[in-house]
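Structure first, commentary second.
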Number of protein chains: 2
Amino acid sequence: MVDRLATRTQSISPFYVMELLHRARQLEAQGRDVIHMEIGEPDFPTPATIVETGIQYLQTGEVKYTPAAGLAELREKIANYYRQHYGVSVAKERIFVTPGASGAFLLALGVSLNPGEEILMADPCYPCNRNFVALFDGDTLTIPVDASTHYHLTEDLIRQHWTAKTKGVLIASPSNPTGTLIDPIRLKQAIEMVNSSGGCFYSDEIYHGLVYSTKATTALQFSDDVFVINSFSKYFGMTGWRIGWLIVPDAFIEATEKLAQNIFIATSSLSQYAALSAFDQHTLRDLERRRTEFAQRRDFLYENLLRIGFDVPIKPQGAFYIYADCSRFTDDSFQFAQEFLEAEAVAVTPGKDFGMHHSERYIRFAYTTSMDRMTSAMQRLEKFLNQRSLCR
Amino acid sequence: MVDRLATRTQSISPFYVMELLHRARQLEAQGRDVIHMEIGEPDFPTPATIVETGIQYLQTGEVKYTPAAGLAELREKIANYYRQHYGVSVAKERIFVTPGASGAFLLALGVSLNPGEEILMADPCYPCNRNFVALFDGDTLTIPVDASTHYHLTEDLIRQHWTAKTKGVLIASPSNPTGTLIDPIRLKQAIEMVNSSGGCFYSDEIYHGLVYSTKATTALQFSDDVFVINSFSKYFGMTGWRIGWLIVPDAFIEATEKLAQNIFIATSSLSQYAALSAFDQHTLRDLERRRTEFAQRRDFLYENLLRIGFDVPIKPQGAFYIYADCSRFTDDSFQFAQEFLEAEAVAVTPGKDFGMHHSERYIRFAYTTSMDRMTSAMQRLEKFLNQRSLCR
């Protein structure tokens with residue numbers, strides 16, 4: 001019998017960190033106290049106001065489908081958030097509530113990407129983003145970036161790599177894994193370059209709320225002709241609820257509506273009703289406190305990693321990751337991560353999950369755990385490195 | 001600027017019923033009392049046991065991601081349901097919890113269908129199913145079926161239409177829109193035909209719990225080499241929760257896991273925890289009472305439609321739809337539906353949403369509303385037909 005697997009399944013890479021996670025679970029089953037610094041999920045619970053609204057909705061028992069594009073009231077609140085937070089006006093017809101940012105990517109690429117067309121992304125970048133392109137039988141061209149551009153694409157890089165098969169460009173800022181923001185001028189230039197080439201610009205803004213000592217810029221500040229992917233998961237603390245949103249250019253509204261009707265029917269009603277409280281003053285105050293704590297954690301982790309001997313050329317400004325160069329200690333960061341887990345029970349994510357550009361030099365640390373736990377992790381890291389140097 | 005819309009968006013047809021729904025909302029805004037018989041959503045609330053479990057989970061506040069394939073405990077319960085309900089054994093590794101049957105279709109076709117490959121389906125069939133194929137740039141060949149095969153494909157029909165580009169066959173039983181079940185022998189023959197041709201067999205079983213005076217047969221009773229799509233939406237009354245499941249052949253487990261990680265991260269945790277109560281004895285007793293009421297509604301609607309002059313060649317055995325031939329009254333069922341809505345404020349779904357095979361003769365009535373409301377709807381229908389005959 002022929003292999004019946006779709007060809008695209010071969011283009012979708014597994015996450016190497018899953019091997020580490022699996023091993024971490026085994027160690028935990030053996031009674032080891034594993035510190036998780038590999039997880040891209042905030043450790044805070046969902047804000048109480050959101051949970052309470054969810055419970056009230058559940059108590060009605062009437063958990064029915066909503067319109068495919070989402071509750072009108074929630075779309076209005078999102079539009080209002082853009083007005084207040086960024087000073088941009090977005091027609092609510094352009095806003096689609098989706099099952100997480102995952103659903104937003106499905107819609108955005110589903111309505112725009114043909115098989116064989118290519119999307120440009122930075123290397124390193126978040127692996128799922130490439131895999132959504134693979135899902136629609138498109139190709140991703142990852143372009144090596146470094147600290148000189150804050151690990152982001154530039155107009156020049158885009159121009160150099162633009163070919164007849166290029167459909168568009170994806171920029172994720174703050175970046176996962178580097179936590180770096182794109183400079184607003186560079187973002188504007190990149191969008192203008194893509195717009196003038198007749199391509200699609202996709203702006204992954206899922207870490208936008210989590211930015212420290214500066215402010216993130218939305219692509220919508222520079223153009224209405226962009227796809228913006230965002231989510232209630234990270235800043236709003238709603239990971240397990242699976243709810244996000246997509247903003248599309250006018251020309252894509254009708255097709256997006258049609259696709260959403262067909263491939264989702266609708267996003268979870270419960271998550272949508274609960275998210276109605278996400279923009280309340282009470283909730284936002286709670287979230288600001290968390291953001292402050294994330295900023296402290298970032299400072300702590302950044303300073304410790306530098307002190308211990310990792311290289312982090314730019315201090316990350318957002319998300320909850322530090323992408324640390326460990327080439328002083330190893331030329332194989334995946335093996336390093338495996339050994340660190342075995343020896344000291346700390347889980348981190350190897351660079352090879354994020355690309356090919358010198359990824360063997362990098363480890364991603366997530367500061368999604370408490371200061372206490374991170375303090376222990378740093379002690380364990382030092383112990384691990386001392387042991388290693390003794391053995392050599 | 002070139003048209004940047006993906007080509008597939010042109011293959012995805014809008015739902016004609018949306019026009020009717022939109023008009024129905026306008027009439028309601030004007031104060032008209034619209035009876036909804038177009039809606040494919042049970043009118044019952046989610047069972048109290050499931051809601052209660054959801055609330056308890058929410059109260060923990062810890063709504064985090066689950067594993068991509070779903071909670072191990074829920075996958076075990078689903079496996080157990082297959083053992084108890086159908087007497088078949090399904091390894092829980094083959095079971096993936098998904099965001100509704102929609103998510104199950106995304107995964108099933110995502111791991112198996114290449115662009116340009118073709119899936120065979122009955123005409124009439126549920127339009128989303130064709131559109132999932134279009135999403136992956138595949139083609140659907142819809143094969144006209146009629147009452148002689150209970151509106152289902154047969155081994156012979158499959159053989160006649162199988163070509164080099166055929167990837168597989170989708171059979172949905174009970175069928176939407178016809179409510180008819182496939183004969184178990186015919187199902188077995190169809191699966192064997194597909195298996196022996198090296199194709200993929202997709203069994204859409206989302207209406208399985210809602211079967212009256214007989215029992216549905218799962219494709220798993222005849223082969224492990226099938227994809228089975230199911231859902232907590234219809235029988236379990238969890239539409240707005242967006243949770244379903246997919247069972248895959250062994251050879252597809254690894255690819256499905258990888259795809260689920262990438263395109264969903266996970267299904268809503270809340271919906272998964274709540275669904276843990278779906279198989280409780282308390283819940284199942286509640287659901288059986290509802291099933292009995294659906295059976296009464298079906299009998300009522302079937303008898304009334306025949307009495308009024310519609311033709312329904314086979315009494316539907318499942319789901320909550322009657323696909324009624326109205327060619328005695330009209331040669332354009334869409335126009336008929338529009339006029340009926342304007343005149344009498346009853347919304348129904350035109351046949352053209354379900355295919356091309358004599359679809360202009362058919363109307364789908366959903367019995368997702370109370371006996372009282374259906375009694376009114378039948379009175380309005382008679383009045384409408386009387387007025388029409390007077391005007392001619």
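Just so we're on the same page: first chain in the structure tokens is A, next is B, and so on; residues restart at 1 for each chain, and ligands are numbered from 1 in the order they show up.
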
Exercise for the section: Using only C-alpha atoms, determine which residues of chain A fall within 6 Å of chain B; present them as a PyMOL selection string. Expected result: chain A and resi 1+5-6+45-46+55+61-65+102+111-114+128+198+239-242+262-264+268-269

Take the residues from that selection and put them in a file with C-alpha atoms, as a short mmCIF file (atom, residue, chain, number, x, y, z; two decimals), in the first residue's frame.
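Final file, part.cif:
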```cif
data_model
loop_
_atom_site.label_atom_id
_atom_site.label_comp_id
_atom_site.auth_asym_id
_atom_site.auth_seq_id
_atom_site.Cartn_x
_atom_site.Cartn_y
_atom_site.Cartn_z
CA MET A 1 0.00 0.00 0.00
CA LEU A 5 0.27 10.39 4.81
CA ALA A 6 -0.06 13.83 3.29
CA PRO A 45 -3.89 31.75 37.13
CA THR A 46 -6.56 33.34 34.94
CA ILE A 55 -18.83 30.90 35.91
CA GLY A 61 -26.52 26.38 31.08
CA GLU A 62 -27.15 27.86 27.63
CA VAL A 63 -23.75 27.32 26.06
CA LYS A 64 -24.70 27.67 22.39
CA TYR A 65 -22.83 28.57 19.23
CA SER A 102 -3.59 29.16 16.46
CA VAL A 111 -7.57 32.94 3.12
CA SER A 112 -4.29 34.13 1.63
CA LEU A 113 -1.70 31.42 1.02
CA ASN A 114 -1.69 29.15 -2.04
CA CYS A 128 4.47 26.73 14.83
CA GLY A 198 1.55 43.50 -3.49
CA THR A 239 -3.98 29.94 27.79
CA GLY A 240 -6.22 26.94 28.48
CA TRP A 241 -9.31 28.82 27.27
CA ARG A 242 -8.06 28.88 23.69
CA ASN A 262 -16.65 26.34 7.83
CA ILE A 263 -13.59 25.42 9.83
CA PHE A 264 -14.58 26.51 13.35
CA SER A 268 -15.87 28.45 22.45
CA SER A 269 -18.81 30.56 23.68
#
```

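Using only C-alpha atoms, the protein and nucleic acid residues lying no more than 10 Å from B:Glu192, apart from those fewer than 6 places from it along its own chain, are Glu155, Arg186, Gly198, Phe201, Phe222, Ser223 and Asp225 of chain B.
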
Problem - Top pick for closest residue to A:Val169, considering A:Asp280, A:Asp372, A:Glu118, A:Glu303 and counting only C-alpha atoms - result: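 The closest residue to A:Val169 is A:Glu118.
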
Exercise for the section: Identify, on the basis of only C-alpha atoms, every residue whose closest approach to B:Asp33 does not exceed 10 Å; exclude the query and any residue fewer than 5 positions from it along the same chain; express the result as a PyMOL selection string. Expected result: chain B and resi 24+27-28+344-346

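Among the candidates A:Ala347, A:Met37, A:Leu20, A:Val211, the residue lying nearest to A:Ile182 is A:Val211 (atoms considered: only C-alpha atoms).
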
Exercise for the section: Select from stretch 42-263 of chain A everything DSSP, run on the backbone, classes as helix (DSSP H, G or I), then give the selection as a PyMOL selection string. Expected result: chain A and resi 48-59+72-86+92-94+100-110+127-135+147-149+155-161+184-196+219-221+239-241+250-263

Practice task
Can you pull out every residue within 8 Å of stretch 365-368 of chain A, counting only C-alpha atoms, but drop anything in the same chain fewer than 2 positions away, and send it as a ChimeraX atom specification?
Solution key: /A:37-43,294,297-298,301,320-324,348-349,363,370,374

Problem - atom CA of B:Ile247 to atom CA of B:Tyr235, straight-line distance in Å - result: 17.9 Å
